[in-house]
$ cat structure_20.cif   # mmCIF, C-alpha atoms
data_my_file
#
loop_
_atom_site.label_atom_id
_atom_site.label_comp_id
_atom_site.auth_asym_id
_atom_site.auth_seq_id
_atom_site.Cartn_x
_atom_site.Cartn_y
_atom_site.Cartn_z
CA MET A 225 -37.38 38.86 28.62
CA PRO A 226 -38.70 35.50 27.35
CA LYS A 227 -38.95 37.03 23.90
CA ARG A 228 -35.25 37.84 23.88
CA ILE A 229 -34.40 34.27 24.92
CA ILE A 230 -36.58 32.92 22.16
CA THR A 231 -35.00 35.18 19.52
CA SER A 232 -31.48 34.23 20.60
CA ILE A 233 -32.35 30.53 20.42
CA GLN A 234 -33.89 31.19 17.03
CA ALA A 235 -30.70 32.92 15.90
CA VAL A 236 -28.60 29.92 16.92
CA GLY A 237 -30.96 27.54 15.16
CA HIS A 238 -31.00 29.75 12.10
CA ARG A 239 -27.21 29.72 11.89
CA ILE A 240 -27.05 25.94 12.21
CA ILE A 241 -29.77 25.34 9.63
CA ASP A 242 -28.15 27.87 7.31
CA GLY A 243 -24.82 26.06 7.69
CA ILE A 244 -26.44 22.75 6.75
CA TRP A 245 -28.09 24.39 3.73
CA ARG A 246 -24.76 25.78 2.57
CA LEU A 247 -23.02 22.44 3.07
CA GLY A 248 -25.67 20.73 0.96
CA CYS A 249 -25.34 23.41 -1.72
CA ALA A 250 -21.56 23.05 -1.68
CA ALA A 251 -21.76 19.27 -2.09
CA ARG A 252 -24.25 19.61 -4.97
CA PHE A 253 -22.08 22.28 -6.58
CA PHE A 254 -18.98 20.06 -6.24
CA ILE A 255 -20.73 17.18 -8.02
CA LEU A 256 -21.94 19.60 -10.70
CA VAL A 257 -18.40 20.85 -11.30
CA LEU A 258 -17.13 17.27 -11.62
CA LEU A 259 -19.91 16.37 -14.04
CA LYS A 260 -19.31 19.43 -16.21
CA SER A 261 -15.53 19.27 -16.20
CA ALA A 262 -15.40 17.13 -19.35
CA ALA A 263 -15.75 20.32 -21.42
CA SER A 264 -12.75 21.90 -19.73
CA PHE A 265 -10.61 18.90 -20.65
CA LEU A 266 -11.69 19.18 -24.26
CA ARG A 267 -10.65 22.85 -24.24
CA PHE A 268 -7.49 22.33 -22.23
CA GLY A 269 -6.20 25.79 -23.12
CA LEU A 270 -8.60 27.22 -20.56
CA VAL A 271 -7.10 25.04 -17.82
CA ILE A 272 -3.55 25.95 -18.86
CA ARG A 273 -4.43 29.65 -18.67
CA GLU A 274 -5.70 29.16 -15.13
CA VAL A 275 -2.67 27.05 -14.15
CA TYR A 276 -0.63 30.12 -15.06
CA PHE A 277 -2.61 32.40 -12.76
CA VAL A 278 -3.01 29.89 -9.95
CA GLY A 279 0.26 27.96 -10.09
CA VAL A 280 2.99 29.90 -11.85
CA LEU A 281 2.20 33.19 -10.14
CA SER A 282 2.21 31.42 -6.72
CA LEU A 283 5.72 30.12 -7.34
CA ILE A 284 7.57 33.06 -5.79
CA ILE A 285 5.81 32.95 -2.43
CA ILE A 286 5.99 29.12 -2.31
CA LEU A 287 9.70 28.94 -3.15
CA VAL A 288 10.77 31.75 -0.83
CA SER A 289 8.75 30.53 2.14
CA GLY A 290 9.92 26.95 1.50
CA LEU A 291 13.52 28.12 1.64
CA PHE A 292 13.01 30.00 4.89
CA VAL A 293 11.01 27.20 6.53
CA GLY A 294 13.81 24.77 5.66
CA MET A 295 16.44 27.14 7.00
CA VAL A 296 14.58 27.58 10.28
CA LEU A 297 14.14 23.80 10.57
CA GLY A 298 17.85 23.31 9.98
CA LEU A 299 18.77 25.88 12.61
CA GLN A 300 16.29 24.72 15.26
CA GLY A 301 16.96 21.05 14.55
CA TYR A 302 20.69 21.54 14.90
CA GLU A 303 20.22 23.53 18.10
CA THR A 304 18.28 20.68 19.72
CA LEU A 305 20.07 17.69 18.21
CA GLN A 306 23.58 18.86 19.07
CA LYS A 307 22.64 18.57 22.76
CA TYR A 308 22.41 14.82 22.19
CA GLY A 309 25.45 14.69 19.95
CA SER A 310 23.43 13.57 16.93
CA GLU A 311 23.61 16.70 14.78
CA SER A 312 24.05 14.55 11.66
CA ALA A 313 20.38 13.56 12.05
CA VAL A 314 19.41 17.12 11.16
CA GLY A 315 18.99 16.01 7.53
CA THR A 316 16.48 13.36 8.58
CA LEU A 317 14.58 15.87 10.68
CA VAL A 318 14.38 18.48 7.94
CA ALA A 319 13.45 16.04 5.18
CA LEU A 320 10.87 14.02 7.12
CA SER A 321 9.07 17.01 8.59
CA LEU A 322 8.98 18.75 5.20
CA VAL A 323 7.96 15.79 3.06
CA ARG A 324 5.36 14.44 5.45
CA GLU A 325 3.78 17.52 6.97
CA LEU A 326 5.13 20.99 6.37
CA GLY A 327 5.47 20.74 2.60
CA PRO A 328 1.85 19.81 1.85
CA VAL A 329 0.27 21.80 4.71
CA MET A 330 2.25 25.03 4.46
CA SER A 331 2.04 25.19 0.69
CA ALA A 332 -1.70 24.51 0.86
CA LEU A 333 -2.18 27.32 3.40
CA LEU A 334 -0.15 29.70 1.23
CA PHE A 335 -2.02 28.50 -1.85
CA ALA A 336 -5.37 29.15 -0.16
CA SER A 337 -4.45 32.69 0.75
CA ARG A 338 -2.64 33.49 -2.49
CA ALA A 339 -4.71 31.70 -5.14
CA GLY A 340 -7.90 30.58 -3.40
CA SER A 341 -8.85 34.09 -2.40
CA ALA A 342 -8.11 35.34 -5.93
CA ILE A 343 -10.36 32.66 -7.45
CA THR A 344 -13.20 33.57 -5.08
CA ALA A 345 -12.86 37.30 -5.72
CA GLU A 346 -12.72 36.78 -9.49
CA ILE A 347 -15.78 34.54 -9.68
CA GLY A 348 -17.64 36.67 -7.13
CA LEU A 349 -17.00 39.85 -9.13
CA MET A 350 -18.02 38.10 -12.34
CA LYS A 351 -21.27 37.26 -10.62
CA ALA A 352 -21.68 40.79 -9.20
CA THR A 353 -21.17 42.36 -12.63
CA GLU A 354 -23.61 39.84 -14.10
CA GLN A 355 -21.05 38.29 -16.44
CA LEU A 356 -22.14 34.82 -15.34
CA ALA A 357 -25.76 35.66 -16.06
CA ALA A 358 -24.76 37.01 -19.48
CA MET A 359 -22.97 33.73 -20.25
CA GLY A 360 -26.13 31.87 -19.31
CA MET A 361 -28.06 34.10 -21.73
CA MET A 362 -25.65 33.08 -24.50
CA ALA A 363 -26.19 29.39 -23.68
CA VAL A 364 -22.64 29.13 -22.31
CA ASP A 365 -22.66 27.18 -19.08
CA PRO A 366 -20.75 29.32 -16.54
CA ILE A 367 -19.86 26.25 -14.44
CA ALA A 368 -18.24 24.52 -17.41
CA ARG A 369 -16.64 27.69 -18.80
CA VAL A 370 -15.54 29.56 -15.65
CA VAL A 371 -15.62 27.26 -12.61
CA ALA A 372 -14.35 23.87 -13.84
CA PRO A 373 -11.09 25.16 -15.45
CA ARG A 374 -10.19 27.00 -12.25
CA PHE A 375 -10.97 23.96 -10.15
CA TRP A 376 -8.80 21.63 -12.23
CA ALA A 377 -5.99 24.16 -12.46
CA GLY A 378 -5.85 24.25 -8.67
CA VAL A 379 -5.94 20.46 -8.40
CA ILE A 380 -3.07 20.16 -10.90
CA SER A 381 -0.96 22.93 -9.38
CA MET A 382 -1.16 21.95 -5.71
CA PRO A 383 0.98 18.75 -5.71
CA LEU A 384 3.61 20.42 -7.91
CA LEU A 385 3.79 23.43 -5.60
CA ALA A 386 4.05 21.18 -2.54
CA ALA A 387 6.91 19.21 -4.11
CA LEU A 388 8.74 22.44 -4.98
CA PHE A 389 8.18 23.70 -1.42
CA SER A 390 9.71 20.51 0.02
CA VAL A 391 12.70 20.64 -2.31
CA MET A 392 13.37 24.29 -1.47
CA GLY A 393 13.01 23.47 2.22
CA VAL A 394 15.51 20.61 2.02
CA PHE A 395 17.86 22.94 0.16
CA GLY A 396 17.40 25.58 2.87
CA GLY A 397 18.12 23.02 5.58
CA TYR A 398 21.22 21.92 3.67
CA LEU A 399 22.33 25.55 3.35
CA VAL A 400 22.08 26.24 7.08
CA ALA A 401 23.24 22.89 8.46
CA VAL A 402 26.03 22.01 6.04
CA VAL A 403 27.19 25.29 4.52
CA PHE A 404 26.78 27.68 7.46
CA ILE A 405 27.12 25.46 10.55
CA GLY A 406 29.33 22.74 9.12
CA VAL A 407 27.50 19.44 9.67
CA ASP A 408 29.19 16.71 7.64
CA GLU A 409 27.71 16.68 4.16
CA GLY A 410 27.85 12.92 3.65
CA ALA A 411 26.14 12.22 6.97
CA PHE A 412 23.50 14.84 6.19
CA TRP A 413 22.43 13.19 2.91
CA SER A 414 22.94 9.55 3.88
CA SER A 415 20.96 9.77 7.13
CA MET A 416 18.22 11.52 5.14
CA GLN A 417 18.17 8.85 2.45
CA ASN A 418 18.10 6.10 5.05
CA ALA A 419 15.10 7.55 6.82
CA VAL A 420 12.93 8.83 3.95
CA ASP A 421 11.06 6.08 2.17
CA PHE A 422 9.73 6.83 -1.31
CA ARG A 423 6.44 4.97 -1.05
CA TYR A 424 5.75 5.64 2.63
CA ASP A 425 6.83 9.28 2.99
CA ILE A 426 7.02 10.99 -0.40
CA VAL A 427 4.02 9.38 -2.10
CA ASN A 428 1.90 9.92 1.01
CA GLY A 429 2.92 13.59 1.01
CA VAL A 430 1.89 13.91 -2.63
CA ILE A 431 -1.46 12.22 -1.89
CA LYS A 432 -2.01 14.69 0.94
CA SER A 433 -1.34 17.68 -1.28
CA CYS A 434 -3.75 16.32 -3.93
CA PHE A 435 -6.49 16.19 -1.28
CA PHE A 436 -5.63 19.71 -0.14
CA GLY A 437 -5.73 20.96 -3.73
CA VAL A 438 -9.24 19.55 -4.21
CA ALA A 439 -10.42 20.95 -0.88
CA VAL A 440 -9.00 24.47 -1.32
CA THR A 441 -10.14 25.01 -4.89
CA ALA A 442 -13.56 23.45 -4.27
CA ILE A 443 -14.10 25.84 -1.35
CA ALA A 444 -12.78 28.80 -3.35
CA VAL A 445 -14.98 28.26 -6.41
CA PHE A 446 -18.04 27.53 -4.29
CA GLU A 447 -17.61 30.66 -2.16
CA GLY A 448 -17.11 32.73 -5.29
CA PHE A 449 -20.15 31.26 -7.05
CA ASP A 450 -22.28 31.55 -3.92
CA ALA A 451 -21.19 35.11 -3.02
CA PRO A 452 -23.95 37.72 -2.70
CA PRO A 453 -23.51 39.95 -5.78
CA THR A 454 -22.46 43.02 -3.84
CA ALA A 455 -19.07 44.51 -2.95
CA GLU A 456 -19.60 43.51 0.67
CA GLY A 457 -20.70 40.02 -0.32
CA VAL A 458 -17.57 39.42 -2.41
CA SER A 459 -15.26 40.62 0.35
CA GLY A 460 -17.06 38.39 2.88
CA ALA A 461 -16.80 35.42 0.53
CA THR A 462 -13.05 36.00 0.09
CA THR A 463 -12.53 36.03 3.85
CA ARG A 464 -14.64 32.90 4.26
CA THR A 465 -12.56 31.13 1.59
CA VAL A 466 -9.31 31.70 3.46
CA VAL A 467 -10.76 30.81 6.87
CA THR A 468 -12.66 27.72 5.72
CA SER A 469 -9.73 26.51 3.59
CA ALA A 470 -7.29 26.82 6.48
CA LEU A 471 -9.62 24.89 8.78
CA ALA A 472 -10.30 22.27 6.10
CA ILE A 473 -6.58 21.81 5.40
CA LEU A 474 -5.65 21.34 9.04
CA GLY A 475 -8.60 19.07 9.82
CA LEU A 476 -8.09 17.02 6.66
CA ASP A 477 -4.38 16.79 7.47
CA PHE A 478 -5.13 15.15 10.81
CA VAL A 479 -7.53 12.66 9.23
CA LEU A 480 -5.12 11.79 6.39
CA THR A 481 -2.15 11.52 8.76
CA SER A 482 -4.02 9.14 11.04
CA PHE A 483 -4.77 6.98 8.00
CA MET A 484 -1.24 7.07 6.59
CA PHE A 485 1.12 7.12 9.57
CA ARG A 486 -0.33 5.02 12.33
CA GLY A 487 2.99 4.35 13.98
CA VAL A 488 2.66 0.61 13.38
CA ASP A 489 4.01 -1.30 10.44
CA MET B 252 -3.96 25.77 -31.48
CA GLN B 253 -2.63 29.23 -30.93
CA ARG B 254 0.47 29.25 -28.76
CA THR B 255 0.90 31.93 -26.16
CA ILE B 256 3.66 32.85 -23.75
CA ILE B 257 1.46 31.52 -20.93
CA ASP B 258 1.78 27.99 -22.34
CA PHE B 259 5.54 28.30 -22.09
CA TRP B 260 5.46 29.38 -18.43
CA VAL B 261 2.98 26.66 -17.51
CA GLY B 262 5.16 24.09 -19.25
CA LEU B 263 8.16 25.33 -17.31
CA PHE B 264 6.15 25.18 -14.07
CA VAL B 265 4.98 21.61 -14.66
CA MET B 266 8.53 20.59 -15.57
CA ALA B 267 9.90 22.19 -12.39
CA GLY B 268 7.26 20.41 -10.32
CA MET B 269 8.03 17.03 -11.87
CA GLY B 270 11.75 17.74 -11.42
CA ALA B 271 11.12 18.49 -7.75
CA LEU B 272 9.35 15.14 -7.32
CA LEU B 273 12.28 13.42 -9.03
CA ILE B 274 14.77 15.16 -6.73
CA LEU B 275 12.67 14.15 -3.72
CA GLY B 276 12.69 10.56 -4.92
CA LEU B 277 16.36 10.30 -5.84
CA LYS B 278 18.22 12.71 -3.59
CA VAL B 279 16.02 12.87 -0.47
CA GLY B 280 14.36 9.46 -0.60
CA ASN B 281 15.73 5.98 -1.08
CA LEU B 282 14.40 5.33 -4.59
CA THR B 283 17.92 4.61 -5.83
CA SER B 284 18.41 1.80 -3.34
CA TYR B 285 15.18 0.05 -4.32
CA ASN B 286 15.79 -3.34 -5.86
CA THR B 287 13.12 -3.67 -8.49
CA GLY B 288 11.85 -7.19 -8.92
CA GLU B 289 15.03 -9.20 -9.11
CA SER B 290 15.13 -10.47 -5.55
CA TYR B 291 14.62 -13.79 -3.81
CA THR B 292 13.08 -14.41 -0.42
CA LEU B 293 14.69 -16.03 2.58
CA ILE B 294 12.95 -16.91 5.81
CA GLY B 295 14.43 -16.88 9.30
CA ASN B 296 12.89 -17.83 12.65
CA PHE B 297 13.99 -15.65 15.52
CA GLU B 298 13.30 -16.15 19.20
CA ASN B 299 13.05 -12.41 19.74
CA ILE B 300 13.20 -9.73 17.08
CA GLY B 301 13.37 -6.79 19.48
CA GLY B 302 12.44 -3.62 17.58
CA LEU B 303 12.96 -4.96 14.05
CA LYS B 304 10.54 -3.41 11.56
CA ILE B 305 9.37 -4.14 8.04
CA ARG B 306 11.68 -2.45 5.47
CA ALA B 307 14.62 -2.69 7.87
CA PRO B 308 17.86 -3.35 5.96
CA VAL B 309 19.49 -6.75 5.66
CA LYS B 310 23.25 -6.26 5.69
CA SER B 311 26.22 -8.46 5.15
CA ALA B 312 29.61 -7.09 6.17
CA GLY B 313 27.89 -3.72 6.48
CA VAL B 314 26.64 -3.68 2.88
CA VAL B 315 22.88 -3.53 2.35
CA VAL B 316 21.94 -6.70 0.41
CA GLY B 317 18.17 -6.68 0.95
CA ARG B 318 15.24 -5.61 3.10
CA VAL B 319 12.84 -7.20 5.57
CA THR B 320 9.58 -7.68 3.71
CA ASP B 321 7.36 -9.35 6.30
CA ILE B 322 7.25 -10.22 10.00
CA GLN B 323 4.81 -12.83 11.32
CA PHE B 324 4.31 -14.70 14.57
CA SER B 325 4.34 -18.48 14.23
CA LEU B 326 1.73 -20.36 16.23
CA GLU B 327 3.59 -23.67 15.78
CA THR B 328 6.98 -22.71 17.13
CA TYR B 329 5.96 -19.56 19.03
CA ASP B 330 8.69 -17.44 17.52
CA ALA B 331 8.94 -14.67 14.97
CA VAL B 332 9.09 -15.56 11.26
CA VAL B 333 10.97 -12.86 9.36
CA THR B 334 10.80 -12.82 5.56
CA MET B 335 13.63 -11.05 3.77
CA GLY B 336 13.90 -9.98 0.15
CA ILE B 337 17.53 -10.37 -0.92
CA ASN B 338 18.89 -8.83 -4.11
CA SER B 339 19.39 -11.64 -6.65
CA TYR B 340 22.93 -10.46 -7.26
CA TYR B 341 23.97 -11.64 -3.79
CA ARG B 342 24.09 -15.39 -3.09
CA PHE B 343 24.73 -16.87 0.34
CA PRO B 344 25.83 -20.37 1.43
CA LYS B 345 23.40 -22.74 3.16
CA ASP B 346 25.01 -22.34 6.56
CA THR B 347 24.74 -18.54 6.66
CA PHE B 348 24.23 -17.08 10.11
CA ALA B 349 21.52 -14.43 10.56
CA SER B 350 21.51 -12.21 13.63
CA ILE B 351 19.56 -9.11 14.60
CA LEU B 352 21.96 -6.27 15.27
CA THR B 353 21.65 -2.63 16.26
CA SER B 354 23.53 0.14 14.51
CA GLY B 355 25.02 2.22 17.31
CA LEU B 356 23.74 2.22 20.84
CA LEU B 357 20.25 3.51 20.09
CA GLY B 358 20.16 3.17 16.30
CA GLU B 359 17.82 1.20 14.08
CA GLN B 360 17.87 -2.58 14.13
CA TYR B 361 18.83 -4.61 11.10
CA ILE B 362 19.57 -8.20 10.14
CA GLY B 363 23.22 -9.08 9.72
CA LEU B 364 24.10 -12.06 7.52
CA SER B 365 27.49 -13.66 7.99
CA ALA B 366 28.29 -16.17 5.28
CA GLY B 367 29.34 -19.71 6.16
CA GLY B 368 31.47 -22.13 4.16
CA ASP B 369 28.88 -24.45 2.61
CA GLU B 370 29.16 -25.35 -1.08
CA GLU B 371 25.41 -25.14 -1.67
CA MET B 372 23.71 -21.75 -1.92
CA LEU B 373 20.44 -20.58 -0.41
CA THR B 374 17.65 -20.25 -2.99
CA GLU B 375 14.14 -18.76 -3.19
CA GLY B 376 12.07 -19.52 -0.10
CA ASP B 377 14.84 -21.26 1.85
CA LYS B 378 14.98 -21.07 5.60
CA ILE B 379 18.07 -19.81 7.41
CA MET B 380 18.71 -22.40 10.11
CA LYS B 381 21.15 -20.53 12.31
CA THR B 382 19.71 -17.38 13.79
CA ASN B 383 20.59 -15.14 16.69
CA SER B 384 17.99 -13.07 18.52
CA ALA B 385 18.05 -9.37 19.15
CA MET B 386 19.77 -8.19 22.28
CA VAL B 387 17.19 -6.75 24.61
CA LEU B 388 18.64 -4.22 26.99
CA GLU B 389 16.33 -5.14 29.87
CA GLU B 390 17.33 -8.81 29.66
CA MET B 391 21.01 -7.90 29.59
CA VAL B 392 20.67 -5.63 32.62
CA GLY B 393 18.64 -8.34 34.37
CA ARG B 394 21.29 -10.97 33.64
CA PHE B 395 24.04 -8.64 34.80
CA LEU B 396 22.27 -7.95 38.10
CA PHE B 397 21.60 -11.67 38.55
CA ASP B 398 25.26 -12.50 38.00
CA LYS B 399 26.32 -9.76 40.41
CA ALA B 400 24.00 -11.13 43.05
CA ALA B 401 25.34 -14.66 42.52
CA GLU B 402 28.91 -13.43 43.04
CA ASP B 403 28.20 -11.98 46.47
#
$ encode --input "structure_20.cif" --output "structure tokens"
Amino acid sequence: MPKRIITSIQAVGHRIIDGIWRLGCAARFFILVLLKSAASFLRFGLVIREVYFVGVLSLIIILVSGLFVGMVLGLQGYETLQKYGSESAVGTLVALSLVRELGPVMSALLFASRAGSAITAEIGLMKATEQLAAMGMMAVDPIARVVAPRFWAGVISMPLLAALFSVMGVFGGYLVAVVFIGVDEGAFWSSMQNAVDFRYDIVNGVIKSCFFGVAVTAIAVFEGFDAPPTAEGVSGATTRTVVTSALAILGLDFVLTSFMFRGVD
Amino acid sequence: MQRTIIDFWVGLFVMAGMGALLILGLKVGNLTSYNTGESYTLIGNFENIGGLKIRAPVKSAGVVVGRVTDIQFSLETYDAVVTMGINSYYRFPKDTFASILTSGLLGEQYIGLSAGGDEEMLTEGDKIMKTNSAMVLEEMVGRFLFDKAAED
């Protein structure tokens, strides 16, 4: 009996210590990627190639879900606001919730599951098939050649995707509220423009999505690089990328929001 | 450098993203109504500013002529010192009246300027002498109840 207690305590301790080890490795790896990213800026074609796979191919899912999120916001916002006779404020509701929160967060979550998992699987498989080791043999640094371009492609793509998501969402809200339901078009846009401040709302949203881009791609490349070189290891790493990214996005979002929007001027 | 079709798509993607930011700034946000640089500041002391906030509009006859840039509490006069940035295009006479108004019953609060008849114009850093405080609902209800009680 006491032996079982001891082993279970040991298991808990092992998990915690292992987590700390991995966190340290991840931080060291992140610094290493930053230090070695100069090469990927000199050969910018590599980054552009990755922007295509990470950004352009994510466009469909981002645009379509942005449209539907905006349409739902328009519908639900109208439903609630018309009880108070202020249905013209539906534009404000749609725009503020998209630009401040939903745009950056939703597109980052979609990006993590669409592109982050792909990055992890790709790097993990490269490691499993010993391509990374072969690069090392040829004196090509795999971090500079494989990891850094993917990291920077993600960081570049994320704010652009978030902005496109917000625009599609506003368009979806406009479609439902103005075209389908018949809220006055002038009131829709003017109340929106009165409430949304460029510096305070839009720039803060872009800053948020930049942070999310760094977080998601850093997690994705680390999990891929750290994956055990087996089929099981790669699949586990892919799952961990999506789970850890989602948690990181939501946690980071709270921290950033509490810095940016404190409710006092 | 060898061009590929991927470069074209990435270029299109970056352009679309930048375009989206531009639309957000111009169509959704208030970037168009920003007055860049050419503005002068006016100062007004108010007894009570109610719920006035920084960046609240300053309107005259309903037209936005500037924005509130700063709100401070004065330790000398114990009232609120509101700094406004007014678009240089709009000039106001010395005896302009500034009052804190509310758009609608529950709407945002703004500063309304009603021009006087003075020959001289307000310039950079001038103080508006005639101000009118915000209407606070609790005070109004209190006064109403007080008057009612006095009648009986």
$ atom_distance --input "structure_20.cif" --atom1 "atom CA of Ser433 of chain A" --atom2 "atom CA of Val271 of chain A"
19.0 Å
$ closest_residue --input "structure_20.cif" --among "B:Ser384, B:Thr353, B:Gln323, B:Thr292" --to "chain A" --atoms "only C-alpha atoms"
B:Gln323
$ residues_near_point --input "structure_20.cif" --point "(26.0, 24.3, 1.7)" --cutoff "12 Å" --atoms "only C-alpha atoms" --output "ChimeraX atom specification"
/A:295,298,394-410,412-413
$ write_last_selection --input "structure_20.cif" --atoms "C-alpha atoms" --output "PDB file, in the frame of the given file"
ATOM      1  CA  MET A 295      16.440  27.140   7.000  1.00  0.00           C
ATOM      2  CA  GLY A 298      17.850  23.310   9.980  1.00  0.00           C
ATOM      3  CA  VAL A 394      15.510  20.610   2.020  1.00  0.00           C
ATOM      4  CA  PHE A 395      17.860  22.940   0.160  1.00  0.00           C
ATOM      5  CA  GLY A 396      17.400  25.580   2.870  1.00  0.00           C
ATOM      6  CA  GLY A 397      18.120  23.020   5.580  1.00  0.00           C
ATOM      7  CA  TYR A 398      21.220  21.920   3.670  1.00  0.00           C
ATOM      8  CA  LEU A 399      22.330  25.550   3.350  1.00  0.00           C
ATOM      9  CA  VAL A 400      22.080  26.240   7.080  1.00  0.00           C
ATOM     10  CA  ALA A 401      23.240  22.890   8.460  1.00  0.00           C
ATOM     11  CA  VAL A 402      26.030  22.010   6.040  1.00  0.00           C
ATOM     12  CA  VAL A 403      27.190  25.290   4.520  1.00  0.00           C
ATOM     13  CA  PHE A 404      26.780  27.680   7.460  1.00  0.00           C
ATOM     14  CA  ILE A 405      27.120  25.460  10.550  1.00  0.00           C
ATOM     15  CA  GLY A 406      29.330  22.740   9.120  1.00  0.00           C
ATOM     16  CA  VAL A 407      27.500  19.440   9.670  1.00  0.00           C
ATOM     17  CA  ASP A 408      29.190  16.710   7.640  1.00  0.00           C
ATOM     18  CA  GLU A 409      27.710  16.680   4.160  1.00  0.00           C
ATOM     19  CA  GLY A 410      27.850  12.920   3.650  1.00  0.00           C
ATOM     20  CA  PHE A 412      23.500  14.840   6.190  1.00  0.00           C
ATOM     21  CA  TRP A 413      22.430  13.190   2.910  1.00  0.00           C
TER      22      TRP A 413
END
$ closest_atom_pairs --input "structure_20.cif" --of "chain B" --to "chain A" --cutoff "10 Å" --atoms "all atoms listed in the file" --output "tab-separated table"
residue	atom	partner	partner_atom	distance
B:Met252	CA	A:Gly269	CA	8.7
B:Gln253	CA	A:Gly269	CA	9.3
B:Arg254	CA	A:Gly269	CA	9.4
B:Thr255	CA	A:Arg273	CA	9.5
B:Ile257	CA	A:Tyr276	CA	6.4
B:Asp258	CA	A:Ile272	CA	6.7
B:Phe259	CA	A:Tyr276	CA	9.5
B:Trp260	CA	A:Tyr276	CA	7.0
B:Val261	CA	A:Tyr276	CA	5.6
B:Gly262	CA	A:Ile272	CA	8.9
B:Leu263	CA	A:Val280	CA	8.8
B:Phe264	CA	A:Val280	CA	6.1
B:Val265	CA	A:Leu384	CA	7.0
B:Met266	CA	A:Leu384	CA	9.1
B:Ala267	CA	A:Leu388	CA	7.5
B:Gly268	CA	A:Leu384	CA	4.4
B:Met269	CA	A:Leu384	CA	6.8
B:Gly270	CA	A:Leu388	CA	8.5
B:Ala271	CA	A:Leu388	CA	5.4
B:Leu272	CA	A:Ala387	CA	5.7
B:Leu273	CA	A:Ala387	CA	9.3
B:Ile274	CA	A:Val391	CA	7.3
B:Leu275	CA	A:Val391	CA	6.6
B:Gly276	CA	A:Phe422	CA	6.0
B:Leu277	CA	A:Gln417	CA	8.6
B:Lys278	CA	A:Gln417	CA	7.2
B:Val279	CA	A:Gln417	CA	5.4
B:Gly280	CA	A:Val420	CA	4.8
B:Asn281	CA	A:Gln417	CA	5.2
B:Leu282	CA	A:Phe422	CA	5.9
B:Thr283	CA	A:Gln417	CA	9.3
B:Ser284	CA	A:Gln417	CA	9.1
B:Tyr285	CA	A:Phe422	CA	9.2
B:Lys304	CA	A:Asp489	CA	7.0
B:Ile305	CA	A:Asp489	CA	6.5
B:Arg306	CA	A:Asp421	CA	9.2
B:Ala307	CA	A:Asn418	CA	9.9
B:Pro308	CA	A:Asn418	CA	9.5
B:Asp321	CA	A:Asp489	CA	9.7
B:Ile322	CA	A:Asp489	CA	9.5
$ resolve_selection --input "structure_20.cif" --expression "the PyMOL selection byres ((chain B and resi 331) around 8)" --output "list in words"
Asn296, Phe297, Glu298, Asn299, Ile300, Ile322, Gln323, Phe324, Ser325, Tyr329, Asp330, Val332 and Val333 of chain B
$ resolve_selection --input "structure_20.cif" --expression "the PyMOL selection byres ((chain B and resi 317) around 8)" --output "PyMOL selection string"
chain B and resi 286+308-310+315-316+318-319+335-338
$ atom_distance --input "structure_20.cif" --atom1 "atom CA of Lys307 of chain A" --atom2 "atom CA of Ser321 of chain A"
19.7 Å
$ resolve_selection --input "structure_20.cif" --expression "the PyMOL selection byres ((chain A and resi 312) around 6)" --output "number ranges by chain"
A: 310-311, 313-314, 411-412
$ residues_around --input "structure_20.cif" --residues "Asn383 of chain B" --least-positions-apart "3" --cutoff "7 Å" --atoms "all atoms listed in the file" --output "PyMOL selection string"
chain B and resi 297+349-351
$ atom_distance --input "structure_20.cif" --atom1 "atom CA of Pro344 of chain B" --atom2 "atom CA of Ala312 of chain B"
14.6 Å
$ residues_around --input "structure_20.cif" --residues "Ala366 of chain B" --least-positions-apart "2" --cutoff "12 Å" --atoms "only C-alpha atoms" --output "list of chain:residue names"
B:Lys310, B:Ser311, B:Ala312, B:Tyr341, B:Arg342, B:Phe343, B:Pro344, B:Lys345, B:Asp346, B:Thr347, B:Phe348, B:Ala349, B:Ser350, B:Gly363, B:Leu364, B:Gly368, B:Asp369, B:Glu370, B:Glu371, B:Met372, B:Leu373, B:Ile379, B:Lys381
$ residues_around --input "structure_20.cif" --residues "Gly301 of chain B" --least-positions-apart "6" --cutoff "8 Å" --atoms "only C-alpha atoms" --output "list of chain:residue names"
B:Ser384, B:Ala385, B:Met386, B:Val387
$ residues_near_point --input "structure_20.cif" --point "(14.4, -19.5, -4.0)" --cutoff "7 Å" --atoms "all atoms listed in the file" --output "list in words"
Tyr291, Thr292, Thr374, Glu375, Gly376 and Asp377 of chain B
$ closest_residue --input "structure_20.cif" --among "A:Ala439, A:Ala455, A:Ala357, A:Ala336" --to "Val379 of chain A" --atoms "all atoms listed in the file"
A:Ala439
